[in-house]
Amino acid sequence: MTTQYLKKAQKNAATGEDNTRHIVSSMLSEIEAGGEDKCREFALKLDSYEGNIVVTPEEIAAAGNSLSQRMKDDIQFAYERVHNFAVKQRESLIDFETELSPGLWAGQRQIPMTAAGCYVPGGRYSHIASAVMSVATAKAAGVEHVIACSPPKPGQGVNPAIIYTANLAGANTILALGGVQGIAAMAFGLFTGKPADILVGPGNRFVAEAKRMLYGRVGIDLFAGPTEIAIIADKTADPHLVVTDLVGQAEHGPDSPAWLFTTDRALAEKVIEMMPSYIEKLPETARVAATNAWDEYGEVVLCDTYEEVATISDKYAAEHLEVMCDNLDWWVQRLRNYGSLFVGEETTVAFGDKCSGTNHILPTKGAARYTGGLSAGKFIKTVTTQRMTPEANRDVAAVTARISRMEGMEAHARTGDVRLEKYFPNETFDLKAVE
């Protein structure tokens, strides 16, 4: 196989991690020690915000009143599709019990978590859709108390559309807190008295690192760092669509990778040529972000065969993966590592990001090799149960005793012995370990 990088990234996902870890670790320690007062201090210092942290019912009502009916209808459209898809995911997770041998039943139960913390970005852009993706999915899974958290603007608080959306999707509490302080507040139960069992939602590198550091004390959905897009395209692809979709993700932030994997040199060169002019048409905030993202993180990889492209794609394990090629069914069956797959030019990451139904909270930095995106199942604990008749102890207890003695665990072995003595007092069993 021959792989050529017609454009190679100057930076990668690990760039700047050491400094980020130091900052986040220090903030988490300070907030855990200082509690709600320290959160307020960081809100003032970092967001110039000194209003109330818990969004009130009056503020929720005012947020709704400030939106147009068209905006409310659009949010409802997105909510219905994301919620309905999450409900189907929940329905696919079943309780069952099966008889493994006579008198021995084993089963599983799906138990929703009690409290979930949902981070909704609101800094550079106000991610209305993220409120739907996280809160609606948690509620569809059956979580009792859902906390939504989003950065406030000075003198304004949380974006009204985010407040309205989080409330529509079922949030029990909405916090006006951003960044590390928001993540910490949800994890430690500040302002709510309900520590989150799981933290979910996208964010910048500081949010992602805070979730990573808290993992273990709480669950997390996945490592959701700066957004990524990869497009697989061949000679049949429309370069205009390819460039448009690459730019659409690059605008998210200056460290958002955009990758093109192709078998067609002419397409690759055309995309490289077109990218700067498309970026230049963006508003200033998006233009600055996309310029940096493409210059420092963008890549164009030219391959000889479809199989080589698939191998490269699986190695990158992109968060979002679009396929604009012939023989789409082959790609669906062949590709393995991605957060979400967008098949054919009719689909696009932007649709999935906003309202088409699948979740946009997805793994980044290669994590798609071992996990999928946010789903109803992320809010569910699959726990197991077992029960058995006294008669079933004849085989199970004897095997347990012998294996335990082989391992050197005599007390463990004795638990099998005593049950056989209880249920079969007139029988003799060979319970010794045999090397």
# chains A, B, ... in the order shown; residues from 1 in each chain; ligands from 1
>>> residues_around(residues="Ala61 in chain A", least_positions_apart="2", cutoff="10 Å", atoms="only C-alpha atoms", output="list in words")
Thr56, Pro57, Glu58, Glu59, Ala63, Gly64, Asn65, Ser66, Pro160, Ile163, Tyr164 and Asn167 of chain A
>>> write_last_selection(atoms="all heavy atoms", output="mmCIF file, in the first residue's frame")
data_model
loop_
_atom_site.group_PDB
_atom_site.id
_atom_site.type_symbol
_atom_site.label_atom_id
_atom_site.label_comp_id
_atom_site.auth_asym_id
_atom_site.auth_seq_id
_atom_site.Cartn_x
_atom_site.Cartn_y
_atom_site.Cartn_z
ATOM 1 N N THR A 56 -33.718 30.016 37.703
ATOM 2 C CA THR A 56 -35.006 30.004 38.387
ATOM 3 C C THR A 56 -36.158 29.703 37.423
ATOM 4 O O THR A 56 -36.013 29.868 36.194
ATOM 5 C CB THR A 56 -35.273 31.364 39.049
ATOM 6 O OG1 THR A 56 -35.428 32.351 38.017
ATOM 7 C CG2 THR A 56 -34.127 31.762 39.968
ATOM 8 N N PRO A 57 -37.319 29.303 37.966
ATOM 9 C CA PRO A 57 -38.490 29.105 37.096
ATOM 10 C C PRO A 57 -38.863 30.362 36.322
ATOM 11 O O PRO A 57 -39.295 30.273 35.161
ATOM 12 C CB PRO A 57 -39.594 28.718 38.094
ATOM 13 C CG PRO A 57 -38.867 28.094 39.234
ATOM 14 C CD PRO A 57 -37.581 28.859 39.348
ATOM 15 N N GLU A 58 -38.678 31.524 36.929
ATOM 16 C CA GLU A 58 -38.981 32.777 36.243
ATOM 17 C C GLU A 58 -38.045 32.989 35.059
ATOM 18 O O GLU A 58 -38.471 33.461 33.997
ATOM 19 C CB GLU A 58 -38.875 33.944 37.219
ATOM 20 C CG GLU A 58 -39.919 33.965 38.329
ATOM 21 C CD GLU A 58 -39.648 32.944 39.432
ATOM 22 O OE1 GLU A 58 -38.504 32.451 39.533
ATOM 23 O OE2 GLU A 58 -40.586 32.657 40.199
ATOM 24 N N GLU A 59 -36.788 32.644 35.235
ATOM 25 C CA GLU A 59 -35.828 32.782 34.136
ATOM 26 C C GLU A 59 -36.128 31.787 33.023
ATOM 27 O O GLU A 59 -35.937 32.085 31.834
ATOM 28 C CB GLU A 59 -34.409 32.590 34.667
ATOM 29 C CG GLU A 59 -33.928 33.747 35.538
ATOM 30 C CD GLU A 59 -32.611 33.451 36.222
ATOM 31 O OE1 GLU A 59 -32.387 32.300 36.651
ATOM 32 O OE2 GLU A 59 -31.791 34.384 36.347
ATOM 33 N N ALA A 63 -37.016 32.889 29.269
ATOM 34 C CA ALA A 63 -36.257 32.368 28.133
ATOM 35 C C ALA A 63 -37.197 31.907 27.028
ATOM 36 O O ALA A 63 -36.994 32.197 25.846
ATOM 37 C CB ALA A 63 -35.359 31.222 28.582
ATOM 38 N N GLY A 64 -38.239 31.195 27.419
ATOM 39 C CA GLY A 64 -39.199 30.731 26.428
ATOM 40 C C GLY A 64 -39.921 31.869 25.742
ATOM 41 O O GLY A 64 -40.132 31.849 24.523
ATOM 42 N N ASN A 65 -40.267 32.883 26.513
ATOM 43 C CA ASN A 65 -40.977 34.031 25.951
ATOM 44 C C ASN A 65 -40.116 34.836 24.987
ATOM 45 O O ASN A 65 -40.637 35.572 24.143
ATOM 46 C CB ASN A 65 -41.479 34.940 27.077
ATOM 47 C CG ASN A 65 -42.584 34.286 27.895
ATOM 48 O OD1 ASN A 65 -43.299 33.426 27.409
ATOM 49 N ND2 ASN A 65 -42.688 34.690 29.155
ATOM 50 N N SER A 66 -38.802 34.715 25.121
ATOM 51 C CA SER A 66 -37.902 35.504 24.278
ATOM 52 C C SER A 66 -37.676 34.884 22.899
ATOM 53 O O SER A 66 -37.113 35.525 22.018
ATOM 54 C CB SER A 66 -36.550 35.679 24.977
ATOM 55 O OG SER A 66 -35.815 34.458 24.988
ATOM 56 N N PRO A 160 -30.728 32.008 26.348
ATOM 57 C CA PRO A 160 -32.145 31.654 26.514
ATOM 58 C C PRO A 160 -32.566 30.411 25.742
ATOM 59 O O PRO A 160 -33.391 29.628 26.227
ATOM 60 C CB PRO A 160 -32.872 32.904 25.999
ATOM 61 C CG PRO A 160 -31.907 34.014 26.190
ATOM 62 C CD PRO A 160 -30.560 33.412 25.945
ATOM 63 N N ILE A 163 -31.502 27.414 27.745
ATOM 64 C CA ILE A 163 -32.403 27.239 28.894
ATOM 65 C C ILE A 163 -33.714 26.601 28.444
ATOM 66 O O ILE A 163 -34.192 25.620 29.036
ATOM 67 C CB ILE A 163 -32.677 28.585 29.584
ATOM 68 C CG1 ILE A 163 -31.397 29.120 30.240
ATOM 69 C CG2 ILE A 163 -33.782 28.436 30.630
ATOM 70 C CD1 ILE A 163 -31.559 30.499 30.860
ATOM 71 N N TYR A 164 -34.304 27.168 27.397
ATOM 72 C CA TYR A 164 -35.584 26.657 26.904
ATOM 73 C C TYR A 164 -35.455 25.198 26.484
ATOM 74 O O TYR A 164 -36.307 24.358 26.813
ATOM 75 C CB TYR A 164 -36.058 27.502 25.720
ATOM 76 C CG TYR A 164 -37.311 26.975 25.065
ATOM 77 C CD1 TYR A 164 -38.561 27.246 25.599
ATOM 78 C CD2 TYR A 164 -37.233 26.180 23.918
ATOM 79 C CE1 TYR A 164 -39.725 26.745 25.004
ATOM 80 C CE2 TYR A 164 -38.372 25.675 23.319
ATOM 81 C CZ TYR A 164 -39.613 25.962 23.867
ATOM 82 O OH TYR A 164 -40.752 25.453 23.286
ATOM 83 N N ASN A 167 -34.899 22.714 29.410
ATOM 84 C CA ASN A 167 -36.155 22.541 30.142
ATOM 85 C C ASN A 167 -37.129 21.669 29.352
ATOM 86 O O ASN A 167 -37.761 20.762 29.899
ATOM 87 C CB ASN A 167 -36.776 23.903 30.431
ATOM 88 C CG ASN A 167 -38.050 23.796 31.251
ATOM 89 O OD1 ASN A 167 -38.025 23.397 32.409
ATOM 90 N ND2 ASN A 167 -39.173 24.152 30.664
#
>>> select_by_dssp(residues="range 13-121 of chain A", states="alpha helix (DSSP H)", output="ChimeraX atom specification")
/A:17-47,57-66,69-92
>>> select_by_dssp(residues="range 335-400 of chain A", states="strand (DSSP E)", output="number ranges by chain")
A: 340-343, 380-388
>>> write_last_selection(atoms="N, CA and C atoms", output="PDB file, in the first residue's frame")
ATOM      1  N   SER A 340     -19.762   8.262  14.491  1.00  0.00           N
ATOM      2  CA  SER A 340     -21.023   8.178  13.761  1.00  0.00           C
ATOM      3  C   SER A 340     -20.709   8.226  12.273  1.00  0.00           C
ATOM      4  N   LEU A 341     -21.439   7.428  11.507  1.00  0.00           N
ATOM      5  CA  LEU A 341     -21.171   7.302  10.081  1.00  0.00           C
ATOM      6  C   LEU A 341     -22.281   7.975   9.278  1.00  0.00           C
ATOM      7  N   PHE A 342     -21.880   8.776   8.298  1.00  0.00           N
ATOM      8  CA  PHE A 342     -22.809   9.511   7.444  1.00  0.00           C
ATOM      9  C   PHE A 342     -22.636   8.991   6.021  1.00  0.00           C
ATOM     10  N   VAL A 343     -23.644   8.275   5.556  1.00  0.00           N
ATOM     11  CA  VAL A 343     -23.516   7.478   4.341  1.00  0.00           C
ATOM     12  C   VAL A 343     -24.128   8.216   3.152  1.00  0.00           C
ATOM     13  N   ILE A 380     -27.442   3.679  31.678  1.00  0.00           N
ATOM     14  CA  ILE A 380     -28.011   2.450  32.229  1.00  0.00           C
ATOM     15  C   ILE A 380     -26.906   1.572  32.793  1.00  0.00           C
ATOM     16  N   LYS A 381     -27.154   1.008  33.971  1.00  0.00           N
ATOM     17  CA  LYS A 381     -26.266  -0.015  34.517  1.00  0.00           C
ATOM     18  C   LYS A 381     -26.869  -1.379  34.198  1.00  0.00           C
ATOM     19  N   THR A 382     -26.111  -2.209  33.510  1.00  0.00           N
ATOM     20  CA  THR A 382     -26.544  -3.579  33.273  1.00  0.00           C
ATOM     21  C   THR A 382     -26.010  -4.434  34.418  1.00  0.00           C
ATOM     22  N   VAL A 383     -26.903  -4.837  35.316  1.00  0.00           N
ATOM     23  CA  VAL A 383     -26.503  -5.623  36.480  1.00  0.00           C
ATOM     24  C   VAL A 383     -27.062  -7.029  36.347  1.00  0.00           C
ATOM     25  N   THR A 384     -26.413  -7.971  37.009  1.00  0.00           N
ATOM     26  CA  THR A 384     -26.799  -9.367  36.874  1.00  0.00           C
ATOM     27  C   THR A 384     -27.406  -9.906  38.167  1.00  0.00           C
ATOM     28  N   THR A 385     -28.232 -10.914  38.004  1.00  0.00           N
ATOM     29  CA  THR A 385     -28.851 -11.590  39.143  1.00  0.00           C
ATOM     30  C   THR A 385     -28.722 -13.095  38.936  1.00  0.00           C
ATOM     31  N   GLN A 386     -28.817 -13.837  40.043  1.00  0.00           N
ATOM     32  CA  GLN A 386     -28.898 -15.285  39.907  1.00  0.00           C
ATOM     33  C   GLN A 386     -29.710 -15.861  41.052  1.00  0.00           C
ATOM     34  N   ARG A 387     -30.356 -16.969  40.775  1.00  0.00           N
ATOM     35  CA  ARG A 387     -31.098 -17.708  41.785  1.00  0.00           C
ATOM     36  C   ARG A 387     -31.052 -19.178  41.407  1.00  0.00           C
ATOM     37  N   MET A 388     -31.257 -20.041  42.401  1.00  0.00           N
ATOM     38  CA  MET A 388     -31.163 -21.464  42.121  1.00  0.00           C
ATOM     39  C   MET A 388     -31.903 -22.268  43.183  1.00  0.00           C
TER      40      MET A 388
END
>>> closest_residue(among="A:Glu269, A:Glu32, A:Glu307, A:Asp238", to="Trp330 in chain A", atoms="only C-alpha atoms")
A:Glu307
>>> atom_distance(atom1="CA of Ile162 in chain A", atom2="CA of His83 in chain A")
16.5 Å
>>> closest_residue(among="A:Gln4, A:Val87, A:Thr415, A:His252", to="Val309 in chain A", atoms="only C-alpha atoms")
A:Gln4
>>> residues_around(residues="Asp353 in chain A", least_positions_apart="4", cutoff="12 Å", atoms="only C-alpha atoms", output="PyMOL selection string")
chain A and resi 78+82+127-133+202+227+229+245+248-249+252+319-320+340+342+347-349+357-362
>>> closest_residue(among="A:Ser26, A:His145, A:Lys354, A:Thr137", to="Gly193 in chain A", atoms="only C-alpha atoms")
A:His145
>>> closest_residue(among="A:Gly298, A:Gly339, A:Gly179, A:Gly103", to="Ala9 in chain A", atoms="only C-alpha atoms")
A:Gly298
>>> closest_residue(among="A:Gln108, A:Ser404, A:Ser25, A:Ser256", to="Ala230 in chain A", atoms="only C-alpha atoms")
A:Ser256
>>> atom_distance(atom1="CA of Glu322 in chain A", atom2="CA of Ala368 in chain A")
14.6 Å
>>> residues_around(residues="Ala286 in chain A", least_positions_apart="6", cutoff="12 Å", atoms="only C-alpha atoms", output="NGL selection string")
:A and (124-125 or 247-254 or 256 or 278-280 or 292-294)
>>> write_last_selection(atoms="N, CA and C atoms", output="mmCIF file, in the first residue's frame")
data_model
loop_
_atom_site.group_PDB
_atom_site.id
_atom_site.type_symbol
_atom_site.label_atom_id
_atom_site.label_comp_id
_atom_site.auth_asym_id
_atom_site.auth_seq_id
_atom_site.Cartn_x
_atom_site.Cartn_y
_atom_site.Cartn_z
ATOM 1 N N ARG A 124 -17.879 29.980 22.659
ATOM 2 C CA ARG A 124 -17.745 30.515 21.305
ATOM 3 C C ARG A 124 -19.073 30.421 20.553
ATOM 4 N N TYR A 125 -19.753 29.274 20.716
ATOM 5 C CA TYR A 125 -21.067 29.072 20.128
ATOM 6 C C TYR A 125 -22.013 28.550 21.208
ATOM 7 N N VAL A 247 -15.179 22.396 6.225
ATOM 8 C CA VAL A 247 -15.193 23.724 6.852
ATOM 9 C C VAL A 247 -16.232 23.775 7.969
ATOM 10 N N GLY A 248 -17.355 23.079 7.756
ATOM 11 C CA GLY A 248 -18.415 23.084 8.750
ATOM 12 C C GLY A 248 -17.986 22.552 10.096
ATOM 13 N N GLN A 249 -17.010 21.654 10.110
ATOM 14 C CA GLN A 249 -16.497 21.170 11.401
ATOM 15 C C GLN A 249 -15.287 21.975 11.859
ATOM 16 N N ALA A 250 -14.479 22.434 10.932
ATOM 17 C CA ALA A 250 -13.298 23.214 11.306
ATOM 18 C C ALA A 250 -13.675 24.504 12.035
ATOM 19 N N GLU A 251 -14.860 25.055 11.749
ATOM 20 C CA GLU A 251 -15.263 26.304 12.389
ATOM 21 C C GLU A 251 -15.538 26.139 13.885
ATOM 22 N N HIS A 252 -15.663 24.886 14.355
ATOM 23 C CA HIS A 252 -15.976 24.672 15.763
ATOM 24 C C HIS A 252 -14.889 25.208 16.680
ATOM 25 N N GLY A 253 -13.639 25.122 16.242
ATOM 26 C CA GLY A 253 -12.566 25.595 17.100
ATOM 27 C C GLY A 253 -11.220 25.489 16.426
ATOM 28 N N PRO A 254 -10.228 26.187 16.939
ATOM 29 C CA PRO A 254 -8.912 26.219 16.299
ATOM 30 C C PRO A 254 -8.143 24.909 16.393
ATOM 31 N N SER A 256 -9.748 21.810 15.910
ATOM 32 C CA SER A 256 -10.670 20.789 15.401
ATOM 33 C C SER A 256 -10.130 20.182 14.102
ATOM 34 N N TYR A 278 -13.251 29.185 0.919
ATOM 35 C CA TYR A 278 -14.489 28.884 1.643
ATOM 36 C C TYR A 278 -14.393 29.356 3.092
ATOM 37 N N ILE A 279 -13.245 29.170 3.687
ATOM 38 C CA ILE A 279 -13.041 29.629 5.066
ATOM 39 C C ILE A 279 -13.138 31.152 5.135
ATOM 40 N N GLU A 280 -12.608 31.829 4.113
ATOM 41 C CA GLU A 280 -12.580 33.286 4.103
ATOM 42 C C GLU A 280 -13.992 33.894 4.113
ATOM 43 N N ASN A 292 -7.185 28.340 11.606
ATOM 44 C CA ASN A 292 -6.190 27.681 12.448
ATOM 45 C C ASN A 292 -6.367 26.164 12.400
ATOM 46 N N ALA A 293 -7.611 25.721 12.464
ATOM 47 C CA ALA A 293 -7.870 24.286 12.462
ATOM 48 C C ALA A 293 -7.359 23.627 11.180
ATOM 49 N N TRP A 294 -7.633 24.249 10.039
ATOM 50 C CA TRP A 294 -7.199 23.666 8.771
ATOM 51 C C TRP A 294 -5.689 23.765 8.613
#
>>> residues_around(residues="His240 in chain A", least_positions_apart="6", cutoff="12 Å", atoms="only C-alpha atoms", output="PyMOL selection string")
chain A and resi 233+246-247+267-268+270-275+277-278+324+345
>>> write_last_selection(atoms="all heavy atoms", output="compact mmCIF listing (two decimals), in the first residue's frame")
# COMPACT_ATOMS: atom_id res chain seq x y z
N ALA A 233 -13.74 10.02 0.19
CA ALA A 233 -14.31 10.45 -1.09
C ALA A 233 -13.51 9.85 -2.24
O ALA A 233 -12.30 9.67 -2.13
CB ALA A 233 -14.33 11.97 -1.18
N LEU A 246 -16.07 19.86 5.40
CA LEU A 246 -14.83 20.01 6.16
C LEU A 246 -14.80 21.34 6.90
O LEU A 246 -14.45 21.41 8.10
CB LEU A 246 -13.62 19.90 5.23
CG LEU A 246 -13.31 18.53 4.64
CD1 LEU A 246 -12.18 18.64 3.61
CD2 LEU A 246 -12.92 17.53 5.73
N VAL A 247 -15.18 22.40 6.23
CA VAL A 247 -15.19 23.72 6.85
C VAL A 247 -16.23 23.78 7.97
O VAL A 247 -16.02 24.40 9.01
CB VAL A 247 -15.47 24.81 5.80
CG1 VAL A 247 -15.65 26.18 6.47
CG2 VAL A 247 -14.32 24.88 4.79
N LEU A 267 -9.33 15.25 -7.04
CA LEU A 267 -10.23 15.71 -5.99
C LEU A 267 -9.45 16.28 -4.82
O LEU A 267 -9.77 17.36 -4.30
CB LEU A 267 -11.12 14.56 -5.52
CG LEU A 267 -12.01 14.89 -4.32
CD1 LEU A 267 -13.13 15.85 -4.72
CD2 LEU A 267 -12.60 13.62 -3.71
N ALA A 268 -8.40 15.57 -4.42
CA ALA A 268 -7.59 16.03 -3.28
C ALA A 268 -7.01 17.41 -3.53
O ALA A 268 -7.08 18.31 -2.67
CB ALA A 268 -6.48 15.02 -3.00
N LYS A 270 -8.05 19.64 -5.65
CA LYS A 270 -9.12 20.63 -5.76
C LYS A 270 -9.60 21.07 -4.38
O LYS A 270 -9.82 22.27 -4.14
CB LYS A 270 -10.28 20.03 -6.55
CG LYS A 270 -11.40 21.03 -6.86
CD LYS A 270 -10.92 22.14 -7.79
CE LYS A 270 -12.05 23.03 -8.22
NZ LYS A 270 -11.59 24.15 -9.08
N VAL A 271 -9.72 20.13 -3.46
CA VAL A 271 -10.15 20.47 -2.09
C VAL A 271 -9.12 21.37 -1.42
O VAL A 271 -9.48 22.37 -0.78
CB VAL A 271 -10.38 19.18 -1.28
CG1 VAL A 271 -10.53 19.49 0.21
CG2 VAL A 271 -11.61 18.44 -1.79
N ILE A 272 -7.85 21.05 -1.55
CA ILE A 272 -6.80 21.88 -0.95
C ILE A 272 -6.85 23.30 -1.52
O ILE A 272 -6.69 24.28 -0.81
CB ILE A 272 -5.41 21.24 -1.19
CG1 ILE A 272 -5.29 19.92 -0.40
CG2 ILE A 272 -4.30 22.21 -0.79
CD1 ILE A 272 -4.03 19.14 -0.69
N GLU A 273 -7.10 23.38 -2.81
CA GLU A 273 -7.19 24.68 -3.47
C GLU A 273 -8.40 25.49 -2.98
O GLU A 273 -8.31 26.71 -2.78
CB GLU A 273 -7.29 24.47 -4.99
CG GLU A 273 -7.52 25.75 -5.79
CD GLU A 273 -7.89 25.45 -7.24
OE1 GLU A 273 -7.56 24.35 -7.74
OE2 GLU A 273 -8.53 26.33 -7.87
N MET A 274 -9.53 24.83 -2.77
CA MET A 274 -10.77 25.52 -2.45
C MET A 274 -10.91 25.90 -0.98
O MET A 274 -11.62 26.87 -0.66
CB MET A 274 -11.97 24.63 -2.85
CG MET A 274 -12.10 24.39 -4.34
SD MET A 274 -13.33 23.09 -4.73
CE MET A 274 -14.84 23.87 -4.18
N MET A 275 -10.27 25.18 -0.09
CA MET A 275 -10.51 25.38 1.35
C MET A 275 -10.30 26.83 1.80
O MET A 275 -11.16 27.39 2.50
CB MET A 275 -9.63 24.43 2.16
CG MET A 275 -10.14 23.00 2.22
SD MET A 275 -11.68 22.79 3.17
CE MET A 275 -11.11 23.05 4.84
N SER A 277 -10.60 29.73 0.33
CA SER A 277 -11.63 30.67 -0.11
C SER A 277 -12.95 30.43 0.60
O SER A 277 -13.70 31.37 0.89
CB SER A 277 -11.82 30.58 -1.63
OG SER A 277 -12.29 29.30 -2.01
N TYR A 278 -13.25 29.19 0.92
CA TYR A 278 -14.49 28.88 1.64
C TYR A 278 -14.39 29.36 3.09
O TYR A 278 -15.36 29.88 3.66
CB TYR A 278 -14.77 27.38 1.59
CG TYR A 278 -15.48 26.93 0.34
CD1 TYR A 278 -14.92 27.17 -0.92
CD2 TYR A 278 -16.69 26.27 0.39
CE1 TYR A 278 -15.54 26.76 -2.08
CE2 TYR A 278 -17.33 25.85 -0.76
CZ TYR A 278 -16.75 26.10 -2.01
OH TYR A 278 -17.39 25.70 -3.15
N MET A 324 -18.48 9.61 0.71
CA MET A 324 -19.02 10.08 -0.56
C MET A 324 -18.33 9.30 -1.68
O MET A 324 -17.37 9.76 -2.29
CB MET A 324 -18.77 11.59 -0.72
CG MET A 324 -19.40 12.46 0.33
SD MET A 324 -19.15 14.22 -0.04
CE MET A 324 -19.70 14.99 1.48
N GLU A 345 -23.81 11.43 0.01
CA GLU A 345 -23.73 12.89 0.04
C GLU A 345 -25.01 13.53 0.57
O GLU A 345 -25.01 14.71 0.96
CB GLU A 345 -23.42 13.44 -1.35
CG GLU A 345 -24.52 13.27 -2.37
CD GLU A 345 -24.20 13.95 -3.71
OE1 GLU A 345 -23.01 14.09 -4.03
OE2 GLU A 345 -25.16 14.34 -4.40
>>> atom_distance(atom1="CA of Pro152 in chain A", atom2="CA of Leu374 in chain A")
24.6 Å
